[in-house]
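Colleague: Data: structure-v1.tsv, TSV, C-alpha atoms.
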```
chain	number	residue	atom	x	y	z
A	405	MET	CA	22.90	43.49	-37.85
A	406	LYS	CA	21.41	40.05	-38.03
A	407	ARG	CA	23.21	37.58	-35.82
A	408	PHE	CA	21.60	34.43	-37.22
A	409	LYS	CA	20.56	33.81	-40.74
A	410	ASP	CA	17.03	32.42	-41.14
A	411	SER	CA	16.35	32.46	-37.40
A	412	GLU	CA	12.54	32.43	-37.75
A	413	HIS	CA	12.36	28.64	-37.54
A	414	LEU	CA	13.91	28.82	-34.04
A	415	PHE	CA	11.14	31.11	-32.86
A	416	ARG	CA	8.54	28.83	-34.36
A	417	LEU	CA	10.06	25.87	-32.51
A	418	ALA	CA	10.15	27.87	-29.29
A	419	ALA	CA	6.49	28.74	-29.75
A	420	VAL	CA	5.62	25.05	-30.10
A	421	PHE	CA	7.49	24.33	-26.85
A	422	VAL	CA	5.77	27.18	-25.03
A	423	VAL	CA	2.36	25.97	-26.15
A	424	GLY	CA	3.23	22.38	-25.19
A	425	ILE	CA	4.54	23.29	-21.76
A	426	THR	CA	1.57	25.56	-21.07
A	427	LEU	CA	-0.82	22.78	-22.07
A	428	PHE	CA	1.04	20.34	-19.81
A	429	LEU	CA	0.88	22.74	-16.85
A	430	ILE	CA	-2.84	23.38	-17.38
A	431	LEU	CA	-3.64	19.65	-17.64
A	432	ARG	CA	-1.48	18.89	-14.63
A	433	GLY	CA	-3.28	21.54	-12.61
A	434	LEU	CA	-6.63	20.05	-13.55
A	435	LEU	CA	-5.78	16.38	-13.10
A	436	VAL	CA	-3.63	16.34	-9.96
A	437	PRO	CA	-5.86	16.64	-6.86
A	438	HIS	CA	-5.64	19.90	-5.04
A	439	SER	CA	-4.30	18.44	-1.78
A	440	PHE	CA	-1.70	16.19	-3.41
A	441	GLY	CA	1.67	16.96	-1.86
A	442	GLN	CA	0.19	18.77	1.12
A	443	TYR	CA	2.02	16.45	3.55
A	444	GLY	CA	3.94	14.21	1.17
A	445	HIS	CA	3.59	12.26	-2.05
A	446	TYR	CA	-0.11	11.56	-1.52
A	447	ARG	CA	-3.51	13.23	-1.39
A	448	GLY	CA	-3.66	15.12	1.91
A	449	LYS	CA	-7.44	15.10	1.91
A	450	ALA	CA	-7.43	11.29	2.07
A	451	ILE	CA	-6.48	11.59	5.75
A	452	THR	CA	-9.56	13.71	6.47
A	453	GLU	CA	-11.76	11.32	4.51
A	454	ILE	CA	-10.53	8.30	6.50
A	455	ALA	CA	-10.88	10.20	9.79
A	456	ALA	CA	-14.48	11.10	8.92
A	457	LEU	CA	-15.69	7.46	8.67
A	458	PRO	CA	-18.49	6.57	11.12
A	459	ILE	CA	-17.74	4.54	14.25
A	460	ALA	CA	-19.52	1.32	15.29
A	461	TYR	CA	-18.20	0.85	18.83
A	462	ALA	CA	-19.22	3.68	21.15
A	463	GLY	CA	-16.61	2.95	23.85
A	464	HIS	CA	-17.30	1.93	27.45
A	465	GLN	CA	-17.10	5.51	28.75
A	466	VAL	CA	-20.24	6.33	26.79
A	467	CYS	CA	-22.10	3.26	28.12
A	468	GLU	CA	-21.15	4.10	31.69
A	469	GLY	CA	-22.68	7.55	31.28
A	470	CYS	CA	-26.20	6.06	31.43
A	471	HIS	CA	-25.83	2.53	32.79
A	472	THR	CA	-24.40	3.56	36.15
A	473	ASP	CA	-26.15	0.67	37.96
A	474	VAL	CA	-24.32	-1.90	35.84
A	475	GLN	CA	-21.08	0.01	36.23
A	476	ASP	CA	-21.43	-0.09	40.05
A	477	VAL	CA	-21.80	-3.88	40.02
A	478	LYS	CA	-19.08	-4.39	37.41
A	479	SER	CA	-16.49	-2.20	39.07
A	480	LYS	CA	-16.48	-4.48	42.13
A	481	GLY	CA	-15.97	-7.73	40.22
A	482	VAL	CA	-13.16	-9.31	38.22
A	483	HIS	CA	-14.82	-8.24	34.96
A	484	LYS	CA	-14.21	-4.57	35.71
A	485	GLY	CA	-11.63	-4.35	32.94
A	486	VAL	CA	-13.87	-5.91	30.30
A	487	ALA	CA	-15.52	-3.29	28.08
A	488	CYS	CA	-19.32	-3.43	27.70
A	489	GLU	CA	-19.18	-3.89	23.92
A	490	SER	CA	-16.77	-6.80	24.31
A	491	CYS	CA	-19.84	-8.97	25.05
A	492	HIS	CA	-22.78	-6.81	23.95
A	493	GLY	CA	-21.37	-5.96	20.52
A	494	PRO	CA	-21.02	-2.62	18.70
A	495	LEU	CA	-23.65	-0.19	19.98
A	496	ALA	CA	-22.67	3.30	18.83
A	497	LYS	CA	-26.13	3.62	17.25
A	498	HIS	CA	-27.77	2.69	20.55
A	499	ALA	CA	-25.64	5.29	22.32
A	500	GLU	CA	-26.75	7.94	19.83
A	501	ASP	CA	-30.44	7.07	20.01
A	502	PRO	CA	-31.21	4.45	22.70
A	503	ALA	CA	-34.62	3.64	21.22
A	504	SER	CA	-33.33	2.89	17.72
A	505	VAL	CA	-31.22	-0.18	18.48
A	506	GLN	CA	-31.61	-2.48	21.45
A	507	PRO	CA	-28.74	-4.78	22.40
A	508	GLU	CA	-29.75	-8.39	21.88
A	509	LYS	CA	-30.12	-10.77	24.79
A	510	LEU	CA	-27.01	-12.88	25.15
A	511	ASP	CA	-26.82	-16.65	25.63
A	512	THR	CA	-24.27	-17.13	28.40
A	513	ALA	CA	-23.78	-20.80	27.51
A	514	LYS	CA	-22.18	-19.62	24.27
A	515	LEU	CA	-20.83	-16.25	25.35
A	516	CYS	CA	-18.71	-17.18	28.37
A	517	VAL	CA	-16.89	-20.10	26.73
A	518	ARG	CA	-15.47	-17.74	24.09
A	519	CYS	CA	-12.99	-16.66	26.72
A	520	HIS	CA	-13.22	-19.26	29.47
A	521	GLU	CA	-13.14	-22.58	27.57
A	522	ALA	CA	-9.98	-24.41	28.67
A	523	ASN	CA	-7.15	-24.25	26.16
A	524	VAL	CA	-3.55	-25.20	26.76
A	525	ALA	CA	-2.36	-22.07	24.91
A	526	LYS	CA	-4.11	-19.70	27.34
A	527	PRO	CA	-2.10	-18.09	30.14
A	528	LYS	CA	-2.04	-20.42	33.16
A	529	ASN	CA	-3.40	-17.78	35.55
A	530	PHE	CA	-6.47	-17.12	33.39
A	531	PRO	CA	-9.64	-18.78	34.81
A	532	GLN	CA	-10.69	-21.54	32.38
A	533	VAL	CA	-13.03	-24.51	32.54
A	534	ALA	CA	-13.84	-27.48	30.34
A	535	SER	CA	-17.46	-26.40	29.93
A	536	GLU	CA	-18.80	-29.94	29.35
A	537	ASP	CA	-17.42	-31.16	32.68
A	538	HIS	CA	-18.04	-27.89	34.48
A	539	SER	CA	-21.71	-27.31	33.72
A	540	GLY	CA	-22.81	-29.83	31.11
A	541	GLY	CA	-24.03	-27.13	28.76
A	542	ALA	CA	-26.17	-25.30	31.34
A	543	ALA	CA	-26.32	-21.51	31.03
A	544	CYS	CA	-23.47	-19.98	33.01
A	545	ASN	CA	-25.68	-17.28	34.48
A	546	SER	CA	-27.67	-19.82	36.47
A	547	CYS	CA	-24.78	-19.64	38.96
A	548	HIS	CA	-22.50	-16.76	37.90
A	549	LYS	CA	-23.65	-13.21	37.23
A	550	PRO	CA	-21.71	-12.04	34.17
A	551	HIS	CA	-21.14	-8.48	35.40
A	552	SER	CA	-19.58	-9.75	38.64
A	553	PRO	CA	-18.98	-13.45	38.15
A	554	ALA	CA	-17.59	-14.64	41.51
A	555	MET	CA	-20.01	-17.16	43.11
A	556	ASN	CA	-20.34	-15.24	46.35
A	557	ALA	CA	-20.59	-11.83	44.72
A	558	GLY	CA	-24.40	-11.76	44.76
A	559	GLY	CA	-26.32	-9.07	42.92
A	560	SER	CA	-28.88	-9.43	40.21
A	561	GLN	CA	-26.78	-8.39	37.21
B	79	MET	CA	-25.81	40.60	-18.93
B	80	LYS	CA	-23.26	42.84	-20.54
B	81	MET	CA	-19.70	42.76	-19.41
B	82	THR	CA	-16.72	44.74	-20.58
B	83	ARG	CA	-13.35	43.15	-21.05
B	84	ARG	CA	-12.08	45.09	-18.03
B	85	GLN	CA	-14.84	43.71	-15.78
B	86	LEU	CA	-14.11	40.18	-16.95
B	87	LEU	CA	-10.41	40.55	-16.19
B	88	VAL	CA	-11.25	41.73	-12.67
B	89	LEU	CA	-13.69	38.87	-12.11
B	90	LEU	CA	-11.44	36.05	-13.31
B	91	PRO	CA	-8.97	36.09	-10.37
B	92	ALA	CA	-11.88	36.32	-7.92
B	93	ALA	CA	-13.46	33.25	-9.52
B	94	ALA	CA	-10.12	31.45	-9.29
B	95	VAL	CA	-9.91	32.17	-5.56
B	96	ALA	CA	-13.49	30.93	-5.07
B	97	TRP	CA	-12.70	27.75	-7.03
B	98	GLU	CA	-9.85	27.01	-4.61
B	99	HIS	CA	-12.42	26.93	-1.80
B	100	VAL	CA	-14.68	24.60	-3.77
B	101	LEU	CA	-11.76	22.23	-4.31
B	102	ALA	CA	-10.77	22.38	-0.65
B	103	GLY	CA	-14.03	20.55	0.18
B	104	THR	CA	-15.54	19.79	3.59
B	105	PRO	CA	-13.82	21.00	6.75
B	106	GLU	CA	-11.97	18.53	8.97
B	107	ALA	CA	-14.05	15.89	10.72
B	108	SER	CA	-12.11	16.19	13.98
B	109	PRO	CA	-11.42	19.89	14.43
B	110	ASN	CA	-9.65	19.46	17.79
B	111	TYR	CA	-7.23	16.86	16.51
B	112	ASP	CA	-3.70	17.97	15.67
B	113	MET	CA	-1.76	15.41	13.65
B	114	THR	CA	1.59	16.83	14.63
B	115	GLU	CA	1.01	16.08	18.31
B	116	HIS	CA	0.68	12.30	17.96
B	117	TRP	CA	2.78	9.31	16.92
B	118	TRP	CA	0.67	6.20	17.15
B	119	GLY	CA	1.67	2.64	17.89
B	120	MET	CA	0.44	-0.36	19.82
B	121	LEU	CA	1.56	-2.44	22.75
B	122	ILE	CA	0.73	-6.15	22.68
B	123	ASP	CA	1.23	-8.22	25.81
B	124	ILE	CA	1.40	-11.82	24.57
B	125	THR	CA	1.40	-13.17	28.11
B	126	LYS	CA	-2.18	-11.95	28.49
B	127	CYS	CA	-3.72	-13.10	25.19
B	128	ILE	CA	-6.38	-15.78	25.60
B	129	GLY	CA	-7.16	-16.21	21.88
B	130	CYS	CA	-10.83	-15.32	22.26
B	131	GLY	CA	-10.92	-13.57	18.87
B	132	SER	CA	-12.86	-10.55	20.19
B	133	CYS	CA	-10.41	-8.23	18.43
B	134	VAL	CA	-10.90	-9.96	15.08
B	135	ARG	CA	-14.70	-9.76	15.34
B	136	ALA	CA	-14.65	-6.15	16.50
B	137	CYS	CA	-12.29	-5.13	13.68
B	138	GLN	CA	-14.55	-6.75	11.11
B	139	LEU	CA	-17.66	-5.00	12.45
B	140	GLU	CA	-16.00	-1.63	12.92
B	141	ASN	CA	-14.26	-1.53	9.54
B	142	HIS	CA	-16.60	-3.65	7.36
B	143	VAL	CA	-13.86	-6.16	6.59
B	144	PRO	CA	-15.21	-8.86	4.23
B	145	ASP	CA	-15.45	-12.44	5.50
B	146	ASP	CA	-12.20	-14.43	5.34
B	147	TYR	CA	-10.13	-11.25	5.04
B	148	PHE	CA	-8.37	-9.82	8.06
B	149	ARG	CA	-6.97	-6.52	9.18
B	150	THR	CA	-6.06	-8.20	12.43
B	151	TRP	CA	-5.90	-11.89	13.29
B	152	VAL	CA	-4.70	-14.18	16.06
B	153	GLU	CA	-2.21	-17.00	15.56
B	154	ARG	CA	-1.68	-19.96	17.87
B	155	TYR	CA	1.87	-21.24	18.19
B	156	HIS	CA	2.91	-24.69	19.25
B	157	VAL	CA	6.65	-25.02	19.84
B	158	THR	CA	8.33	-28.17	21.08
B	159	ASP	CA	11.24	-27.55	23.39
B	160	TRP	CA	14.11	-27.89	20.91
B	161	GLU	CA	12.49	-27.29	17.50
B	162	MET	CA	12.23	-23.54	17.83
B	163	GLU	CA	12.85	-23.01	14.13
B	164	TYR	CA	9.79	-25.05	13.18
B	165	PRO	CA	6.80	-23.86	15.18
B	166	LYS	CA	3.38	-25.21	14.31
B	167	VAL	CA	1.11	-22.25	13.69
B	168	ASP	CA	-2.62	-22.27	13.12
B	169	SER	CA	-5.19	-19.54	12.82
B	170	PRO	CA	-8.58	-21.03	11.88
B	171	GLY	CA	-10.68	-18.23	10.43
B	172	GLY	CA	-8.12	-15.73	11.71
B	173	GLY	CA	-9.00	-16.85	15.23
B	174	LYS	CA	-12.30	-15.03	14.83
B	175	ASN	CA	-14.31	-17.73	16.60
B	176	GLY	CA	-11.61	-18.71	19.06
B	177	PHE	CA	-9.51	-21.86	19.01
B	178	ARG	CA	-10.42	-25.49	19.67
B	179	PRO	CA	-8.30	-27.11	22.38
B	180	ALA	CA	-4.92	-28.14	20.95
B	181	ARG	CA	-4.58	-31.75	19.85
B	182	GLU	CA	-0.95	-31.92	20.84
B	183	GLU	CA	-0.14	-31.36	24.47
B	184	GLY	CA	3.30	-30.52	25.75
B	185	GLY	CA	5.79	-28.03	24.46
B	186	LYS	CA	5.01	-24.35	24.50
B	187	ASN	CA	1.64	-23.00	23.40
B	188	PHE	CA	0.64	-19.38	23.12
B	189	PHE	CA	-1.36	-16.88	21.07
B	190	VAL	CA	0.03	-14.00	19.03
B	191	PRO	CA	-2.34	-11.25	17.84
B	192	LYS	CA	-1.16	-9.65	14.63
B	193	LEU	CA	-2.02	-6.50	12.74
B	194	CYS	CA	-0.33	-3.84	10.66
B	195	ASN	CA	2.82	-2.76	12.47
B	196	HIS	CA	2.47	0.83	11.26
B	197	CYS	CA	6.14	0.92	10.37
B	198	ALA	CA	7.85	4.30	10.39
B	199	ASP	CA	9.93	3.21	7.38
B	200	SER	CA	7.27	1.03	5.84
B	201	PRO	CA	8.22	-1.09	2.81
B	202	CYS	CA	4.62	-1.07	1.57
B	203	THR	CA	4.33	2.69	1.12
B	204	GLN	CA	7.65	2.92	-0.73
B	205	VAL	CA	6.50	0.72	-3.61
B	206	CYS	CA	3.17	2.42	-4.39
B	207	PRO	CA	3.43	3.75	-7.95
B	208	VAL	CA	0.62	6.31	-7.58
B	209	GLY	CA	1.00	7.70	-4.07
B	210	ALA	CA	-2.12	5.96	-2.79
B	211	THR	CA	-0.58	4.65	0.41
B	212	PHE	CA	1.47	6.64	2.85
B	213	VAL	CA	2.55	7.14	6.43
B	214	SER	CA	0.42	9.94	7.84
B	215	PRO	CA	2.08	12.75	9.84
B	216	ASP	CA	0.91	10.98	13.03
B	217	GLY	CA	2.54	7.68	12.09
B	218	VAL	CA	-0.37	5.63	10.74
B	219	VAL	CA	-0.02	3.75	7.46
B	220	LEU	CA	-3.15	4.49	5.43
B	221	VAL	CA	-4.54	3.73	1.97
B	222	ASP	CA	-6.28	6.35	-0.13
B	223	GLN	CA	-9.18	4.26	-1.43
B	224	LYS	CA	-9.95	6.74	-4.21
B	225	TYR	CA	-6.40	6.72	-5.54
B	226	CYS	CA	-5.49	3.04	-5.25
B	227	LEU	CA	-5.30	1.17	-8.55
B	228	GLY	CA	-5.28	-2.27	-6.94
B	229	CYS	CA	-1.92	-3.18	-8.48
B	230	ARG	CA	-0.95	-5.34	-5.44
B	231	TYR	CA	2.64	-4.10	-5.17
B	232	CYS	CA	2.08	-3.15	-1.55
B	233	VAL	CA	0.45	-6.50	-0.74
B	234	GLN	CA	3.66	-8.19	-1.85
B	235	ALA	CA	5.93	-5.64	-0.20
B	236	CYS	CA	4.53	-5.98	3.31
B	237	PRO	CA	6.79	-8.46	5.13
B	238	TYR	CA	4.10	-9.09	7.74
B	239	GLY	CA	1.30	-10.07	5.36
B	240	CYS	CA	-0.96	-7.34	6.69
B	241	ARG	CA	-2.47	-6.17	3.39
B	242	PHE	CA	-5.09	-7.63	1.10
B	243	ILE	CA	-7.15	-6.61	-1.89
B	244	ASN	CA	-10.71	-5.94	-0.84
B	245	PRO	CA	-12.85	-8.11	-3.17
B	246	ASN	CA	-15.64	-5.51	-3.17
B	247	THR	CA	-13.67	-2.37	-3.94
B	248	LYS	CA	-10.69	-4.09	-5.67
B	249	THR	CA	-8.36	-1.77	-3.81
B	250	ALA	CA	-5.66	-2.43	-1.21
B	251	ASN	CA	-6.99	-2.63	2.32
B	252	LYS	CA	-5.36	-2.83	5.71
B	253	CYS	CA	-5.53	-1.85	9.36
B	254	THR	CA	-5.96	1.91	9.73
B	255	LEU	CA	-5.32	1.70	13.49
B	256	CYS	CA	-8.99	2.78	13.56
B	257	TYR	CA	-7.91	6.21	12.37
B	258	HIS	CA	-11.56	7.34	12.39
B	259	ARG	CA	-11.69	6.49	16.11
B	260	ILE	CA	-8.32	7.63	17.42
B	261	THR	CA	-8.76	11.05	15.82
B	262	LYS	CA	-12.02	11.37	17.79
B	263	GLY	CA	-10.29	10.56	21.08
B	264	LEU	CA	-11.40	6.92	21.21
B	265	THR	CA	-9.23	3.83	21.29
B	266	THR	CA	-9.20	1.30	18.45
B	267	ALA	CA	-12.04	-1.24	18.21
B	268	CYS	CA	-9.69	-4.14	18.98
B	269	CYS	CA	-8.22	-2.43	22.04
B	270	GLU	CA	-11.70	-1.44	23.20
B	271	VAL	CA	-13.05	-5.00	23.26
B	272	CYS	CA	-9.90	-6.86	24.33
B	273	PRO	CA	-11.05	-8.41	27.63
B	274	THR	CA	-7.57	-8.93	29.07
B	275	ALA	CA	-5.97	-5.63	27.94
B	276	THR	CA	-3.52	-7.57	25.78
B	277	ARG	CA	-3.69	-4.77	23.24
B	278	GLN	CA	-3.16	-1.17	24.17
B	279	LEU	CA	-3.14	1.78	21.83
B	280	ALA	CA	-0.04	3.89	22.42
B	281	ASP	CA	0.68	7.50	21.60
B	282	LEU	CA	4.46	7.70	21.56
B	283	LYS	CA	4.49	11.50	21.39
B	284	ASN	CA	2.37	11.85	24.52
B	285	PRO	CA	4.75	11.88	27.50
B	286	LYS	CA	1.87	10.92	29.83
B	287	ASP	CA	1.05	7.74	27.90
B	288	PRO	CA	1.73	4.64	30.08
B	289	ILE	CA	3.59	3.11	27.12
B	290	HIS	CA	6.75	5.01	28.08
B	291	GLU	CA	6.85	3.54	31.58
B	292	PHE	CA	6.16	0.08	30.13
B	293	LEU	CA	8.91	0.33	27.51
B	294	LYS	CA	11.39	1.48	30.15
B	295	THR	CA	10.68	-1.36	32.56
B	296	HIS	CA	9.98	-4.32	30.25
B	297	SER	CA	11.81	-6.25	27.56
B	298	VAL	CA	9.84	-5.65	24.38
B	299	GLN	CA	10.44	-6.68	20.80
B	300	VAL	CA	8.99	-5.94	17.39
B	301	LEU	CA	8.30	-8.51	14.68
B	302	LYS	CA	11.14	-9.14	12.19
B	303	PRO	CA	13.47	-6.52	13.71
B	304	HIS	CA	16.21	-7.46	11.20
B	305	LEU	CA	14.16	-5.82	8.45
B	306	ALA	CA	14.50	-2.41	10.16
B	307	THR	CA	10.99	-1.38	9.17
B	308	GLY	CA	10.60	0.85	12.20
B	309	SER	CA	7.64	-1.19	13.43
B	310	LYS	CA	5.54	0.52	16.10
B	311	CYS	CA	3.77	-2.60	17.38
B	312	PHE	CA	5.70	-3.53	20.48
B	313	TYR	CA	5.31	-7.10	21.70
B	314	TYR	CA	5.93	-8.05	25.30
B	315	GLY	CA	6.69	-11.73	25.92
B	316	LEU	CA	7.44	-12.40	22.25
B	317	ASP	CA	8.92	-15.84	21.72
B	318	GLY	CA	11.82	-16.33	19.30
B	319	ALA	CA	9.71	-18.83	17.36
B	320	VAL	CA	7.26	-16.14	16.23
B	321	ARG	CA	7.69	-15.17	12.60
```
Could you express the structure from this file as structure tokens?
Modeller:
Amino acid sequence: MKRFKDSEHLFRLAAVFVVGITLFLILRGLLVPHSFGQYGHYRGKAITEIAALPIAYAGHQVCEGCHTDVQDVKSKGVHKGVACESCHGPLAKHAEDPASVQPEKLDTAKLCVRCHEANVAKPKNFPQVASEDHSGGAACNSCHKPHSPAMNAGGSQ
Amino acid sequence: MKMTRRQLLVLLPAAAVAWEHVLAGTPEASPNYDMTEHWWGMLIDITKCIGCGSCVRACQLENHVPDDYFRTWVERYHVTDWEMEYPKVDSPGGGKNGFRPAREEGGKNFFVPKLCNHCADSPCTQVCPVGATFVSPDGVVLVDQKYCLGCRYCVQACPYGCRFINPNTKTANKCTLCYHRITKGLTTACCEVCPTATRQLADLKNPKDPIHEFLKTHSVQVLKPHLATGSKCFYYGLDGAVR
């Protein structure tokens, strides 16, 4: 017994839908990145890609591994909390291959005032000077040694 | 090479499995890092900030931030004693080269370092139409540079003004909390160079992190708490005038 009269057109329509949906699923599988939805509505692999970027600052622990003499002087002075690369700049390449990049010599007349130039907005307990009155533009390291800056600290660093 | 239909049908699934491995790509850069064990944030002690701009310079060098664009910057506030609603704020060059002595004396003067707050319920990730920006499982708001269209929705959505369109790549850019460093066991570039320890990276899931003791014993605040963004940058000594 035939339930529907002229039911072929329904099957033809269904076939079109099946083909369409299959095509959609195939395209979707090809176009949506593999890791999309791994952790949420984003490409999970993006996290790995960002984490794999190279670093520029090696970190003071790495510096202290070789420059123990500087570390000994620095650890006794008020600059003990200041990281090496805070003044010397990013040196991850130097840490990897010391011969490849040499840290440039620093001009203390410009370097020290970055932090220590007097400014009313700085915390009151932070040591600050009006550099013009204090030294008249002379290099700071003619009196203070940057790694241990107190006047009576001595040392050659 | 001759191949029967049967052999082909056997080979096809094997090829499919192999293709999965090709798509999976390179293995993880930090194999010892487990995302589920961390929840990153930052502690900023305003009472220590000297406005030297070391953080801004370090961020630019570490992350190749173009000139005049900032992932982190320092603002200087000048507040007279009764006009708290109208602070005078300046940030010349993002504070990158420090600040000239203030012209106006008196009142209250202080520095506020700013960066992405890495909100747990971040408004910027919710508006992305293509899933290019997201909060990672360890609580860092990141941008997928390959997926971003540069539509600027997120730049507008961030209430803290922490996003910009990189003029070179034309995609959204922002602080990644130095994700490439913290996953290798280092601190962020800005925290590394901060000479007064104003900034401290904090792992809120690590019970041994000193942040927990600090949060218990100090009055801290986040920026724009009324927006309930779940900000994870905790400011100590934050003045009510700071926007």
Colleague: Please check the contacts: residues of chain B at most 6 Å away from chain A, using only C-alpha atoms, listed as a list in words.
Modeller: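 Result, ordered by chain then number: Glu106, Ala107, Ile128, Cys130, Glu140, Pro179, Asn187, Phe188, Gly209, Asp222, Tyr257, His258, Val271 and Pro273 of chain B.
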Colleague: Tell me, as a VMD selection string, which residues lie within 6 Å of region 265-267 of chain B, counting only C-alpha atoms; anything in the same chain fewer than 4 positions away does not count.
Modeller: chain B and resid 136 to 137 256 260
Colleague: Suppose you want the space between CA of His196 (chain B) and CA of Trp118 (chain B); what is it in Å?
Modeller: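 Pair CA of His196 (chain B) / CA of Trp118 (chain B) returns 8.2 Å.
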Colleague: Counting all atoms listed in the file, which of B:Gln138, B:Gly318, B:Gly239, B:Val218 gets nearest to His116 (chain B)?
Modeller: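 Checking each candidate against His116 (chain B), we get B:Val218 as the closest.
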Colleague: How far is it from CA of Asn244 (chain B) to CA of Gly228 (chain B), in Å with one decimal?
Modeller: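 The value is 9.0 Å.
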Colleague: Distance CA of Gly217 (chain B)-CA of Phe292 (chain B), one decimal place?
Modeller: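 Between CA of Gly217 (chain B) and CA of Phe292 (chain B) the gap works out to 19.9 Å.
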Colleague: With all atoms listed in the file as the basis for distance, which of B:Lys302, B:Gln85, B:Lys126, B:Arg154 is at the shortest distance from Pro531 (chain A)?
Modeller: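 Selected residue with least distance to Pro531 (chain A): B:Lys126.
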Colleague: Can you pull out every residue within 10 Å of Arg277 (chain B), counting all atoms listed in the file, but drop anything in the same chain fewer than 4 positions away, and send it as a count of residues only?
Modeller: 19
Colleague: Would you mind listing what lies within 12 Å of Cys236 (chain B) as a PyMOL selection string, with only C-alpha atoms counted and same-chain residues fewer than 6 positions away left out?
Modeller: chain B and resi 193-197+199-206+219+230+242+250+252+302+305+307+309
